[in-house]
>>> print(open('start_11.csv').read())   # CSV, C-alpha atoms
chain,number,residue,atom,x,y,z
O,1,MET,CA,58.4,-69.2,133.7
O,2,LYS,CA,56.9,-69.5,137.2
O,3,ARG,CA,55.5,-66.6,139.1
O,4,LYS,CA,53.1,-66.2,142.1
O,5,LEU,CA,49.6,-65.0,141.7
O,6,LEU,CA,48.5,-63.3,144.9
O,7,THR,CA,44.7,-62.8,145.3
O,8,VAL,CA,43.2,-60.7,148.0
O,9,ILE,CA,39.5,-60.4,148.6
O,10,THR,CA,38.7,-57.7,151.0
O,11,GLU,CA,36.7,-54.6,151.9
O,12,GLN,CA,36.5,-51.8,149.4
O,13,ALA,CA,37.5,-49.4,152.1
O,14,LEU,CA,41.0,-50.7,152.0
O,15,GLU,CA,41.7,-50.2,148.3
O,16,ARG,CA,44.0,-47.2,148.6
O,17,GLN,CA,46.0,-48.7,151.4
O,18,LEU,CA,46.3,-52.0,149.6
O,19,VAL,CA,47.6,-50.5,146.4
O,20,GLN,CA,50.2,-48.5,148.4
O,21,CYS,CA,51.4,-51.7,150.1
O,22,ILE,CA,51.6,-53.6,146.8
O,23,LYS,CA,53.6,-50.9,145.2
O,24,ALA,CA,55.9,-50.5,148.2
O,25,ALA,CA,56.7,-54.2,148.1
O,26,GLY,CA,57.9,-53.8,144.5
O,27,ALA,CA,55.2,-55.4,142.5
O,28,HIS,CA,54.9,-54.1,138.9
O,29,GLY,CA,51.2,-54.1,138.6
O,30,TYR,CA,47.8,-55.2,140.0
O,31,THR,CA,44.2,-55.8,138.9
O,32,ILE,CA,41.2,-54.8,140.9
O,33,THR,CA,37.7,-56.1,140.3
O,34,GLU,CA,34.5,-55.6,142.3
O,35,ALA,CA,33.3,-58.7,144.1
O,36,ARG,CA,30.5,-60.0,146.2
O,37,GLY,CA,30.0,-63.1,148.3
O,38,GLU,CA,29.5,-64.5,151.8
O,39,GLY,CA,31.9,-65.6,154.5
O,40,GLU,CA,32.7,-65.4,158.1
O,41,ARG,CA,31.8,-61.8,158.3
O,42,GLY,CA,28.4,-62.2,156.7
O,43,VAL,CA,27.1,-61.4,153.2
O,44,ARG,CA,29.0,-58.8,151.4
O,45,ASN,CA,26.7,-58.1,148.6
O,46,ALA,CA,27.9,-54.8,147.2
O,47,ASP,CA,24.5,-53.3,147.2
O,48,PHE,CA,25.9,-50.6,149.4
O,49,ASP,CA,29.2,-48.8,149.6
O,50,GLN,CA,30.2,-50.2,153.0
O,51,GLY,CA,29.2,-53.7,152.0
O,52,ALA,CA,31.3,-53.8,148.9
O,53,ASN,CA,34.2,-56.1,148.3
O,54,ILE,CA,37.1,-56.0,145.9
O,55,ARG,CA,39.3,-58.7,144.5
O,56,VAL,CA,42.9,-57.6,144.0
O,57,GLU,CA,45.2,-59.8,141.9
O,58,VAL,CA,49.0,-59.4,141.7
O,59,ILE,CA,51.4,-61.5,139.7
O,60,CYS,CA,54.9,-61.1,141.1
O,61,GLU,CA,58.0,-62.9,142.2
O,62,ALA,CA,57.6,-65.3,145.2
O,63,SER,CA,59.6,-63.0,147.5
O,64,VAL,CA,57.4,-60.0,146.7
O,65,ALA,CA,54.3,-62.1,147.2
O,66,GLN,CA,55.6,-63.2,150.6
O,67,GLN,CA,56.3,-59.7,151.7
O,68,ILE,CA,52.9,-58.4,150.7
O,69,SER,CA,51.2,-61.3,152.4
O,70,ARG,CA,53.1,-60.7,155.6
O,71,GLU,CA,52.4,-57.0,155.6
O,72,LEU,CA,48.6,-57.5,155.0
O,73,HIS,CA,48.5,-60.2,157.6
O,74,ARG,CA,50.1,-58.0,160.2
O,75,ARG,CA,47.9,-54.9,159.4
O,76,TYR,CA,44.5,-56.2,158.5
O,77,PHE,CA,43.7,-59.8,159.3
O,78,ARG,CA,42.5,-59.0,162.8
O,79,ASP,CA,39.9,-56.4,162.1
O,80,PHE,CA,38.9,-56.6,158.4
O,81,ALA,CA,37.2,-59.1,156.2
O,82,MET,CA,40.1,-60.4,154.2
O,83,VAL,CA,40.9,-63.6,152.3
O,84,LEU,CA,44.3,-64.0,150.8
O,85,TYR,CA,45.8,-66.8,148.9
O,86,LEU,CA,48.8,-67.6,146.7
O,87,SER,CA,48.9,-69.8,143.6
O,88,ASP,CA,51.6,-70.7,141.1
O,89,VAL,CA,51.2,-69.4,137.6
O,90,GLU,CA,53.0,-69.7,134.3
O,91,VAL,CA,53.8,-66.5,132.6
O,92,LEU,CA,55.1,-65.9,129.1
O,93,ARG,CA,56.9,-62.6,129.7
O,94,PRO,CA,58.6,-62.9,133.1
O,95,GLU,CA,60.3,-59.6,132.8
O,96,LYS,CA,56.9,-58.0,133.1
O,97,PHE,CA,56.3,-59.3,136.6
A,1,MET,CA,-1.5,-35.1,157.5
A,2,GLN,CA,-1.1,-36.2,153.9
A,3,LEU,CA,1.4,-39.0,153.2
A,4,ASP,CA,4.3,-37.9,151.0
A,5,PRO,CA,4.5,-40.2,148.0
A,6,VAL,CA,8.3,-40.5,148.3
A,7,ILE,CA,7.7,-42.3,151.7
A,8,LEU,CA,5.6,-44.9,149.8
A,9,PHE,CA,8.6,-45.6,147.6
A,10,PHE,CA,10.7,-46.2,150.7
A,11,LEU,CA,8.0,-48.6,152.0
A,12,LEU,CA,7.9,-50.3,148.6
A,13,GLY,CA,11.7,-50.9,148.7
A,14,PHE,CA,11.5,-52.0,152.3
A,15,GLY,CA,8.7,-54.5,151.6
A,16,ALA,CA,10.3,-55.8,148.5
A,17,GLY,CA,13.6,-56.3,150.4
A,18,LEU,CA,11.9,-58.1,153.3
A,19,LEU,CA,10.1,-60.4,150.8
A,20,LYS,CA,13.4,-60.9,149.0
A,21,ALA,CA,11.9,-59.8,145.7
A,22,GLU,CA,14.1,-60.0,142.6
A,23,MET,CA,14.9,-56.3,142.5
A,24,ARG,CA,18.0,-54.4,142.9
A,25,LEU,CA,19.2,-51.1,141.6
A,26,PRO,CA,22.7,-51.4,140.1
A,27,SER,CA,25.2,-49.8,142.4
A,28,ALA,CA,26.2,-47.3,139.7
A,29,VAL,CA,22.6,-46.1,139.7
A,30,TYR,CA,22.6,-45.6,143.5
A,31,GLU,CA,25.9,-43.7,143.1
A,32,LEU,CA,24.3,-41.4,140.5
A,33,LEU,CA,21.2,-40.8,142.7
A,34,THR,CA,23.4,-39.8,145.6
A,35,VAL,CA,25.5,-37.5,143.4
A,36,VAL,CA,22.3,-35.8,142.0
A,37,LEU,CA,20.8,-35.4,145.4
A,38,LEU,CA,23.9,-33.9,146.9
A,39,LEU,CA,24.4,-31.5,144.1
A,40,SER,CA,20.7,-30.5,144.1
A,41,ILE,CA,20.8,-29.7,147.8
A,42,GLY,CA,24.1,-27.8,147.4
A,43,LEU,CA,22.9,-25.8,144.3
A,44,LYS,CA,19.7,-24.8,146.0
A,45,GLY,CA,21.6,-23.6,149.1
A,46,GLY,CA,24.1,-21.8,147.0
A,47,MET,CA,21.5,-20.0,145.0
A,48,GLU,CA,20.1,-18.7,148.3
A,49,LEU,CA,23.5,-17.8,149.6
A,50,ALA,CA,24.0,-15.7,146.5
A,51,GLU,CA,21.0,-13.5,147.6
A,52,THR,CA,22.0,-13.3,151.3
A,53,ASP,CA,24.7,-11.6,153.1
A,54,TRP,CA,26.5,-14.8,154.0
A,55,VAL,CA,29.1,-13.3,156.2
A,56,ARG,CA,26.2,-13.1,158.7
A,57,LEU,CA,26.1,-16.8,158.6
A,58,LEU,CA,29.6,-17.4,160.0
A,59,PRO,CA,28.4,-17.4,163.7
A,60,GLN,CA,25.6,-19.8,162.7
A,61,LEU,CA,28.1,-22.1,161.1
A,62,GLY,CA,30.1,-22.1,164.3
A,63,GLY,CA,27.1,-22.8,166.4
A,64,VAL,CA,26.1,-25.7,164.2
A,65,ALA,CA,29.6,-27.2,164.3
A,66,LEU,CA,29.4,-27.0,168.1
A,67,MET,CA,26.1,-28.8,167.9
A,68,GLY,CA,27.9,-31.7,166.0
A,69,VAL,CA,30.4,-32.0,168.9
A,70,VAL,CA,27.6,-31.9,171.5
A,71,LEU,CA,25.6,-34.6,169.8
A,72,GLY,CA,28.7,-36.8,169.5
A,73,LEU,CA,29.6,-36.4,173.2
A,74,LEU,CA,26.0,-37.0,174.3
A,75,ALA,CA,25.8,-40.2,172.3
A,76,PHE,CA,29.2,-41.4,173.6
A,77,ALA,CA,28.3,-40.5,177.2
A,78,LEU,CA,25.0,-42.4,177.0
A,79,LEU,CA,26.6,-45.5,175.4
A,80,ARG,CA,29.4,-45.6,177.9
A,81,LEU,CA,27.1,-45.1,180.9
A,82,SER,CA,25.1,-48.1,179.8
A,83,ARG,CA,28.3,-50.2,180.2
A,84,LYS,CA,27.1,-52.3,177.4
A,85,LEU,CA,29.7,-51.5,174.8
A,86,PRO,CA,33.5,-51.2,174.6
A,87,ARG,CA,35.0,-47.8,174.2
A,88,SER,CA,35.8,-48.2,170.5
A,89,ASP,CA,32.2,-49.3,169.6
A,90,ALA,CA,30.7,-46.5,171.6
A,91,ALA,CA,33.0,-43.9,170.0
A,92,ALA,CA,32.2,-45.3,166.5
A,93,ILE,CA,28.4,-45.2,167.1
A,94,ALA,CA,28.8,-41.7,168.6
A,95,ALA,CA,30.6,-40.5,165.4
A,96,HIS,CA,27.7,-41.8,163.3
A,97,TYR,CA,25.0,-40.1,165.4
A,98,GLY,CA,26.9,-36.9,165.8
A,99,SER,CA,27.4,-36.7,162.1
A,100,VAL,CA,24.4,-36.4,159.7
A,101,SER,CA,22.5,-38.1,156.9
A,102,VAL,CA,21.9,-36.2,153.7
A,103,GLY,CA,19.2,-38.6,152.7
A,104,THR,CA,17.2,-37.8,155.8
A,105,TYR,CA,17.8,-34.1,155.2
A,106,ALA,CA,16.4,-34.5,151.7
A,107,VAL,CA,13.3,-36.2,153.0
A,108,ALA,CA,12.8,-33.3,155.4
A,109,VAL,CA,13.2,-30.8,152.6
A,110,ALA,CA,10.6,-32.7,150.5
A,111,PHE,CA,8.3,-32.8,153.5
A,112,LEU,CA,8.5,-29.0,154.1
A,113,ASP,CA,7.9,-28.4,150.3
A,114,THR,CA,4.8,-30.6,150.6
A,115,VAL,CA,3.3,-28.9,153.6
A,116,GLY,CA,4.4,-25.5,152.2
A,117,VAL,CA,6.6,-24.3,155.0
A,118,PRO,CA,9.4,-22.0,153.9
A,119,TYR,CA,12.9,-22.8,155.2
A,120,GLU,CA,16.5,-21.6,154.9
A,121,ALA,CA,17.8,-23.5,151.9
A,122,TYR,CA,21.3,-22.4,152.9
A,123,SER,CA,21.0,-25.0,155.6
A,124,ALA,CA,22.7,-27.2,153.1
A,125,ALA,CA,25.9,-25.5,154.4
A,126,PHE,CA,25.0,-26.8,157.9
A,127,VAL,CA,24.9,-30.4,156.5
A,128,VAL,CA,28.5,-29.9,155.3
A,129,VAL,CA,29.5,-28.4,158.7
A,130,LEU,CA,27.8,-31.2,160.7
A,131,GLU,CA,29.3,-34.1,158.8
A,132,VAL,CA,32.8,-33.5,160.1
A,133,PRO,CA,33.2,-32.7,163.8
A,134,ALA,CA,31.7,-35.8,165.3
A,135,ILE,CA,33.8,-38.1,163.1
A,136,LEU,CA,37.0,-36.4,164.3
A,137,LEU,CA,35.6,-36.6,167.9
A,138,GLY,CA,34.9,-40.3,167.5
A,139,ILE,CA,38.5,-40.9,166.4
A,140,ILE,CA,39.9,-38.8,169.2
A,141,LEU,CA,37.8,-40.6,171.8
A,142,VAL,CA,39.6,-43.8,170.9
A,143,ARG,CA,43.0,-42.8,169.6
A,144,GLY,CA,43.6,-39.5,171.4
A,145,LEU,CA,45.4,-37.0,169.2
A,146,ARG,CA,47.5,-39.5,167.3
A,147,PRO,CA,45.5,-41.7,165.0
A,148,ASP,CA,47.3,-44.8,163.7
A,149,ASN,CA,46.8,-43.9,160.1
A,150,GLY,CA,48.0,-40.3,160.7
A,151,TRP,CA,46.0,-37.1,160.5
A,152,ASN,CA,46.7,-36.7,156.8
A,153,GLU,CA,44.9,-39.9,156.0
A,154,VAL,CA,42.0,-39.1,158.4
A,155,MET,CA,41.6,-35.6,157.0
A,156,ARG,CA,41.6,-36.9,153.5
A,157,GLU,CA,38.9,-39.4,154.4
A,158,VAL,CA,36.7,-36.9,156.2
A,159,PHE,CA,37.0,-33.8,153.9
A,160,LEU,CA,37.3,-35.5,150.5
A,161,GLY,CA,34.4,-37.9,151.0
A,162,LYS,CA,31.7,-37.4,148.3
A,163,GLY,CA,29.3,-35.8,150.8
A,164,VAL,CA,31.5,-32.9,151.6
A,165,VAL,CA,32.9,-32.4,148.1
A,166,LEU,CA,29.6,-32.5,146.2
A,167,LEU,CA,27.6,-30.5,148.7
A,168,LEU,CA,30.3,-27.9,149.0
A,169,GLY,CA,30.8,-27.9,145.2
A,170,GLY,CA,27.1,-27.4,144.6
A,171,LEU,CA,27.0,-24.6,147.2
A,172,LEU,CA,29.9,-22.9,145.5
A,173,ILE,CA,28.5,-23.3,142.0
A,174,GLY,CA,25.1,-22.0,143.1
A,175,LEU,CA,26.8,-19.1,144.9
A,176,ILE,CA,28.9,-18.2,141.9
A,177,VAL,CA,26.3,-18.3,139.2
A,178,GLY,CA,23.2,-17.4,141.3
A,179,ALA,CA,19.6,-18.3,140.5
A,180,GLU,CA,19.8,-17.1,136.9
A,181,GLY,CA,22.8,-19.2,136.2
A,182,VAL,CA,21.3,-22.3,137.7
A,183,GLU,CA,18.1,-21.9,135.6
A,184,PRO,CA,19.1,-24.0,132.7
A,185,LEU,CA,20.0,-26.8,135.1
A,186,GLU,CA,16.7,-26.6,137.0
A,187,PRO,CA,14.9,-29.4,135.1
A,188,LEU,CA,17.4,-31.9,136.4
A,189,PHE,CA,18.4,-30.6,139.8
A,190,ILE,CA,15.4,-28.7,141.1
A,191,ASP,CA,12.3,-29.9,139.2
A,192,ALA,CA,13.3,-33.6,139.2
A,193,PHE,CA,14.5,-33.5,142.8
A,194,LYS,CA,11.5,-35.5,144.1
A,195,GLY,CA,11.7,-38.1,141.4
A,196,PHE,CA,15.4,-38.7,142.2
A,197,LEU,CA,14.5,-38.8,145.9
A,198,ALA,CA,11.8,-41.4,145.3
A,199,LEU,CA,14.3,-43.6,143.5
A,200,PHE,CA,16.9,-43.1,146.1
A,201,LEU,CA,14.4,-44.0,148.8
A,202,LEU,CA,13.4,-47.1,146.9
A,203,GLU,CA,17.0,-48.2,147.1
A,204,MET,CA,17.3,-47.2,150.7
A,205,GLY,CA,14.3,-49.3,151.5
A,206,LEU,CA,16.0,-52.3,150.0
A,207,VAL,CA,19.2,-51.6,151.8
A,208,ALA,CA,17.4,-51.1,155.2
A,209,ALA,CA,15.5,-54.3,154.7
A,210,SER,CA,18.7,-56.2,153.9
A,211,GLN,CA,20.3,-54.8,157.0
A,212,SER,CA,17.3,-55.4,159.2
A,213,GLY,CA,18.2,-59.1,159.7
A,214,THR,CA,21.1,-58.1,161.8
A,215,ILE,CA,19.0,-56.1,164.3
A,216,ARG,CA,18.1,-59.2,166.3
A,217,ARG,CA,21.8,-60.2,166.5
A,218,HIS,CA,22.7,-56.9,168.1
A,219,GLY,CA,20.0,-56.9,170.7
A,220,ILE,CA,17.4,-54.7,172.3
A,221,PHE,CA,19.9,-52.2,173.6
A,222,LEU,CA,21.0,-51.0,170.2
A,223,LEU,CA,17.4,-50.9,169.0
A,224,GLY,CA,16.5,-48.7,172.0
A,225,PHE,CA,19.4,-46.4,171.4
A,226,ALA,CA,18.7,-46.0,167.7
A,227,LEU,CA,15.1,-45.1,168.4
A,228,VAL,CA,15.6,-42.8,171.5
A,229,PHE,CA,18.8,-40.9,170.5
A,230,PRO,CA,17.1,-39.4,167.4
A,231,LEU,CA,14.6,-37.8,169.8
A,232,LEU,CA,17.3,-36.3,171.9
A,233,GLY,CA,19.2,-35.2,168.8
A,234,ALA,CA,16.1,-33.5,167.5
A,235,ILE,CA,15.7,-31.6,170.7
A,236,VAL,CA,19.3,-30.5,170.5
A,237,GLY,CA,18.8,-29.5,166.9
A,238,GLY,CA,15.6,-27.6,167.6
A,239,LEU,CA,17.2,-25.7,170.5
A,240,THR,CA,20.2,-24.8,168.3
A,241,ALA,CA,17.9,-23.5,165.6
A,242,TRP,CA,16.1,-21.4,168.2
A,243,LEU,CA,19.4,-20.0,169.6
A,244,LEU,CA,20.4,-19.1,166.0
A,245,SER,CA,17.0,-17.5,165.5
A,246,MET,CA,16.1,-19.6,162.4
A,247,SER,CA,12.6,-19.9,161.0
A,248,LEU,CA,10.2,-22.8,161.8
A,249,GLY,CA,11.3,-24.6,158.6
A,250,GLY,CA,14.9,-24.2,159.4
A,251,ALA,CA,14.3,-25.6,162.9
A,252,VAL,CA,12.6,-28.7,161.4
A,253,LEU,CA,15.7,-29.1,159.2
A,254,LEU,CA,18.1,-28.7,162.1
A,255,ALA,CA,16.1,-31.0,164.3
A,256,THR,CA,16.1,-33.6,161.5
A,257,LEU,CA,19.8,-33.2,161.1
A,258,GLY,CA,20.3,-33.6,164.9
A,259,ALA,CA,18.2,-36.8,164.8
A,260,SER,CA,19.9,-38.3,161.8
A,261,ALA,CA,22.9,-40.6,161.7
A,262,SER,CA,25.5,-40.8,159.0
A,263,TYR,CA,25.8,-43.9,156.9
A,264,ILE,CA,28.2,-42.7,154.2
A,265,ALA,CA,30.9,-40.5,155.6
A,266,ALA,CA,31.1,-41.9,159.2
A,267,PRO,CA,31.3,-45.6,158.3
A,268,ALA,CA,34.1,-45.1,155.8
A,269,ALA,CA,36.2,-42.9,158.1
A,270,MET,CA,35.6,-45.0,161.2
A,271,ARG,CA,36.3,-48.2,159.4
A,272,LEU,CA,39.8,-47.1,158.6
A,273,SER,CA,40.6,-45.1,161.7
A,274,VAL,CA,39.0,-47.3,164.3
A,275,PRO,CA,39.0,-50.7,162.6
A,276,GLU,CA,38.5,-52.7,165.9
A,277,ALA,CA,35.0,-51.2,166.2
A,278,ASN,CA,32.3,-53.5,164.9
A,279,PRO,CA,31.0,-51.7,161.7
A,280,GLY,CA,27.9,-53.9,161.8
A,281,LEU,CA,26.7,-52.2,165.0
A,282,SER,CA,26.8,-48.6,163.8
A,283,LEU,CA,25.6,-49.4,160.3
A,284,THR,CA,22.7,-51.5,161.6
A,285,ALA,CA,21.7,-48.7,164.0
A,286,ALA,CA,22.0,-45.9,161.4
A,287,LEU,CA,20.6,-47.6,158.4
A,288,ALA,CA,18.2,-50.2,159.5
A,289,ILE,CA,16.7,-48.4,162.5
A,290,THR,CA,17.3,-44.7,162.7
A,291,PHE,CA,17.0,-43.9,159.0
A,292,PRO,CA,13.6,-45.6,158.6
A,293,PHE,CA,12.4,-44.2,161.9
A,294,ASN,CA,13.3,-40.6,160.8
A,295,VAL,CA,11.8,-41.0,157.4
A,296,LEU,CA,8.5,-42.6,158.5
A,297,VAL,CA,7.9,-41.1,162.0
A,298,GLY,CA,10.6,-38.6,162.9
A,299,VAL,CA,10.3,-35.9,160.3
A,300,PRO,CA,6.5,-35.4,160.6
A,301,LEU,CA,6.9,-35.7,164.4
A,302,TYR,CA,9.6,-33.0,164.6
A,303,TYR,CA,7.5,-30.8,162.4
A,304,GLY,CA,4.3,-31.4,164.5
A,305,VAL,CA,6.1,-30.6,167.8
A,306,LEU,CA,8.0,-27.6,166.5
A,307,ASN,CA,4.9,-26.2,164.8
A,308,ALA,CA,3.1,-26.2,168.1
A,309,LEU,CA,6.0,-25.0,170.3
A,310,TYR,CA,8.4,-23.0,168.1
A,311,PRO,CA,8.1,-19.2,168.8
A,312,ALA,CA,6.5,-17.5,165.8
A,313,THR,CA,9.1,-14.7,166.1
A,314,GLY,CA,12.0,-16.9,165.0
A,315,GLY,CA,13.8,-16.0,161.8
>>> encode(input="start_11.csv", output="structure tokens")
Amino acid sequence: MKRKLLTVITEQALERQLVQCIKAAGAHGYTITEARGEGERGVRNADFDQGANIRVEVICEASVAQQISRELHRRYFRDFAMVLYLSDVEVLRPEKF
Amino acid sequence: MQLDPVILFFLLGFGAGLLKAEMRLPSAVYELLTVVLLLSIGLKGGMELAETDWVRLLPQLGGVALMGVVLGLLAFALLRLSRKLPRSDAAAIAAHYGSVSVGTYAVAVAFLDTVGVPYEAYSAAFVVVLEVPAILLGIILVRGLRPDNGWNEVMREVFLGKGVVLLLGGLLIGLIVGAEGVEPLEPLFIDAFKGFLALFLLEMGLVAASQSGTIRRHGIFLLGFALVFPLLGAIVGGLTAWLLSMSLGGAVLLATLGASASYIAAPAAMRLSVPEANPGLSLTAALAITFPFNVLVGVPLYYGVLNALYPATGG
């Protein structure tokens, strides 16, 4: 069964807000990992609280993924370091997502 | 004047960072060091509060909170008068400089221990009080009285940051159990304080070095501000201590607090409440310039000047 995998790489400071947004959109779960890397906004090497990044992954239905993307785009793209992408995934238990 | 060994750890970290040496403390270790330092400072202050009539301190706490607002306004006024920065950046930097750095405070405490000058350990309570007002001021200067993310979110960010929670927690624990109760914990929190501080400064040296590459990008103005404002802040702190009739040691601590800039509480709060402000500006200024300046030059300087000028009758 097809579902969308939404991946967001962004500043750790946003974690709480992000989780709220994901839940409000109706996603059933999410996974957060710590991340580091480099991009347009410089090196984010996680050697310090304010430089830390997180990677948030959500597997959900396409409509939910669209809604979360729109919301994050509207609220955070302008001022925060944020990368967001969608991919298609096969899941074995669609009722879970 | 003898060189405090903890300062050499800072220089070691800074040098290693500049040379891009293969060295990095895991972030969990840095977290732990911060937690231990905050609790140590809190416990020490709490133990002292247990012996004093702390109701007497309430006016002092009020005076110190006012000092935080004055520092924030002073920084904002200077930055705006220069016409170099937009309002949001000026307010964010003002919030950092009106708020305080516990790491710098810890260095001043270690310095006073080394030179053998007594001080009011309950000044830890001042650290708590100083963390908050300038951050609120910074938000109000940009957003007025209605922040986008709502006051609930702002208050949560400001009052439930680890700085306030652990310092206040340590103070309360120290106050409740007193010196006797803290005794079994002393090997970790009191005796090992300098060891933890040395490790903390090693890491801070690495962080400051990794941030220092951005100084050039932000230009000479920011560099100047981050070096000059600590001196003004130290004067405000010293005067506040004098008005509150604190001892010489207490005056050095308040001057150091006035001179220091927050790099934990303020960045987190400002990032969420004033996201359009460039976090690189304030963090570079606070971490890469003002923190090293205070650790290496500021603390001994404030002590030297106050030692010569401060009325012996204080306290």
>>> closest_residue(input="start_11.csv", among="A:Ile135, A:Leu112, A:Leu145, A:Leu19", to="Leu73 in chain A", atoms="all atoms listed in the file")
A:Ile135
>>> closest_residue(input="start_11.csv", among="A:Ser40, A:Ser245, A:Ser260, A:Asn278", to="chain O", atoms="all atoms listed in the file")
A:Asn278
>>> closest_residue(input="start_11.csv", among="A:Gly116, A:Gly13, A:Gly68, A:Gly161", to="Gly249 in chain A", atoms="only C-alpha atoms")
A:Gly116
>>> atom_distance(input="start_11.csv", atom1="CA of Ile264 in chain A", atom2="CA of Gly163 in chain A")
7.8 Å
>>> residues_near_point(input="start_11.csv", point="(42.7, -50.1, 147.8)", cutoff="12 Å", atoms="all atoms listed in the file", output="PyMOL selection string")
(chain O and resi 8-23+30-34+53-57+72) or (chain A and resi 272)
>>> write_last_selection(input="start_11.csv", atoms="C-alpha atoms", output="mmCIF file, in the coordinates of the input")
data_model
loop_
_atom_site.group_PDB
_atom_site.id
_atom_site.type_symbol
_atom_site.label_atom_id
_atom_site.label_comp_id
_atom_site.auth_asym_id
_atom_site.auth_seq_id
_atom_site.Cartn_x
_atom_site.Cartn_y
_atom_site.Cartn_z
ATOM 1 C CA VAL O 8 43.200 -60.700 148.000
ATOM 2 C CA ILE O 9 39.500 -60.400 148.600
ATOM 3 C CA THR O 10 38.700 -57.700 151.000
ATOM 4 C CA GLU O 11 36.700 -54.600 151.900
ATOM 5 C CA GLN O 12 36.500 -51.800 149.400
ATOM 6 C CA ALA O 13 37.500 -49.400 152.100
ATOM 7 C CA LEU O 14 41.000 -50.700 152.000
ATOM 8 C CA GLU O 15 41.700 -50.200 148.300
ATOM 9 C CA ARG O 16 44.000 -47.200 148.600
ATOM 10 C CA GLN O 17 46.000 -48.700 151.400
ATOM 11 C CA LEU O 18 46.300 -52.000 149.600
ATOM 12 C CA VAL O 19 47.600 -50.500 146.400
ATOM 13 C CA GLN O 20 50.200 -48.500 148.400
ATOM 14 C CA CYS O 21 51.400 -51.700 150.100
ATOM 15 C CA ILE O 22 51.600 -53.600 146.800
ATOM 16 C CA LYS O 23 53.600 -50.900 145.200
ATOM 17 C CA TYR O 30 47.800 -55.200 140.000
ATOM 18 C CA THR O 31 44.200 -55.800 138.900
ATOM 19 C CA ILE O 32 41.200 -54.800 140.900
ATOM 20 C CA THR O 33 37.700 -56.100 140.300
ATOM 21 C CA GLU O 34 34.500 -55.600 142.300
ATOM 22 C CA ASN O 53 34.200 -56.100 148.300
ATOM 23 C CA ILE O 54 37.100 -56.000 145.900
ATOM 24 C CA ARG O 55 39.300 -58.700 144.500
ATOM 25 C CA VAL O 56 42.900 -57.600 144.000
ATOM 26 C CA GLU O 57 45.200 -59.800 141.900
ATOM 27 C CA LEU O 72 48.600 -57.500 155.000
ATOM 28 C CA LEU A 272 39.800 -47.100 158.600
#
>>> atom_distance(input="start_11.csv", atom1="CA of Leu3 in chain A", atom2="CA of Ala259 in chain A")
20.5 Å
>>> residues_around(input="start_11.csv", residues="range 88-95 of chain O", least_positions_apart="5", cutoff="12 Å", atoms="all atoms listed in the file", output="PyMOL selection string")
chain O and resi 1-7+27-28+58-62+65
>>> residues_near_point(input="start_11.csv", point="(22.8, -46.5, 162.1)", cutoff="8 Å", atoms="only C-alpha atoms", output="VMD selection string")
chain A and resid 93 96 to 97 226 261 to 263 281 to 291
>>> atom_distance(input="start_11.csv", atom1="CA of Pro275 in chain A", atom2="CA of Val83 in chain O")
16.6 Å
>>> interface_residues(input="start_11.csv", of="chain A", to="chain O", cutoff="7 Å", atoms="only C-alpha atoms", output="list in words")
Ser27, Ala268, Pro275 and Glu276 of chain A
>>> residues_around(input="start_11.csv", residues="Met23 in chain A", least_positions_apart="5", cutoff="9 Å", atoms="all atoms listed in the file", output="PyMOL selection string")
chain A and resi 13+16-17+206
>>> residues_around(input="start_11.csv", residues="Ser69 in chain O", least_positions_apart="4", cutoff="9 Å", atoms="all atoms listed in the file", output="VMD selection string")
chain O and resid 6 64 to 65 73 to 74 84 to 86
>>> write_last_selection(input="start_11.csv", atoms="C-alpha atoms", output="PDB file, keeping the file's coordinate frame")
ATOM      1  CA  LEU O   6      48.500 -63.300 144.900  1.00  0.00           C
ATOM      2  CA  VAL O  64      57.400 -60.000 146.700  1.00  0.00           C
ATOM      3  CA  ALA O  65      54.300 -62.100 147.200  1.00  0.00           C
ATOM      4  CA  HIS O  73      48.500 -60.200 157.600  1.00  0.00           C
ATOM      5  CA  ARG O  74      50.100 -58.000 160.200  1.00  0.00           C
ATOM      6  CA  LEU O  84      44.300 -64.000 150.800  1.00  0.00           C
ATOM      7  CA  TYR O  85      45.800 -66.800 148.900  1.00  0.00           C
ATOM      8  CA  LEU O  86      48.800 -67.600 146.700  1.00  0.00           C
TER       9      LEU O  86
END
>>> residues_around(input="start_11.csv", residues="Arg143 in chain A", least_positions_apart="5", cutoff="9 Å", atoms="only C-alpha atoms", output="PyMOL selection string")
chain A and resi 138+148+273-274
>>> residues_around(input="start_11.csv", residues="Leu49 in chain A", least_positions_apart="6", cutoff="10 Å", atoms="all atoms listed in the file", output="PyMOL selection string")
chain A and resi 43+55+57+120-123+125+171-172+174-176+178-179
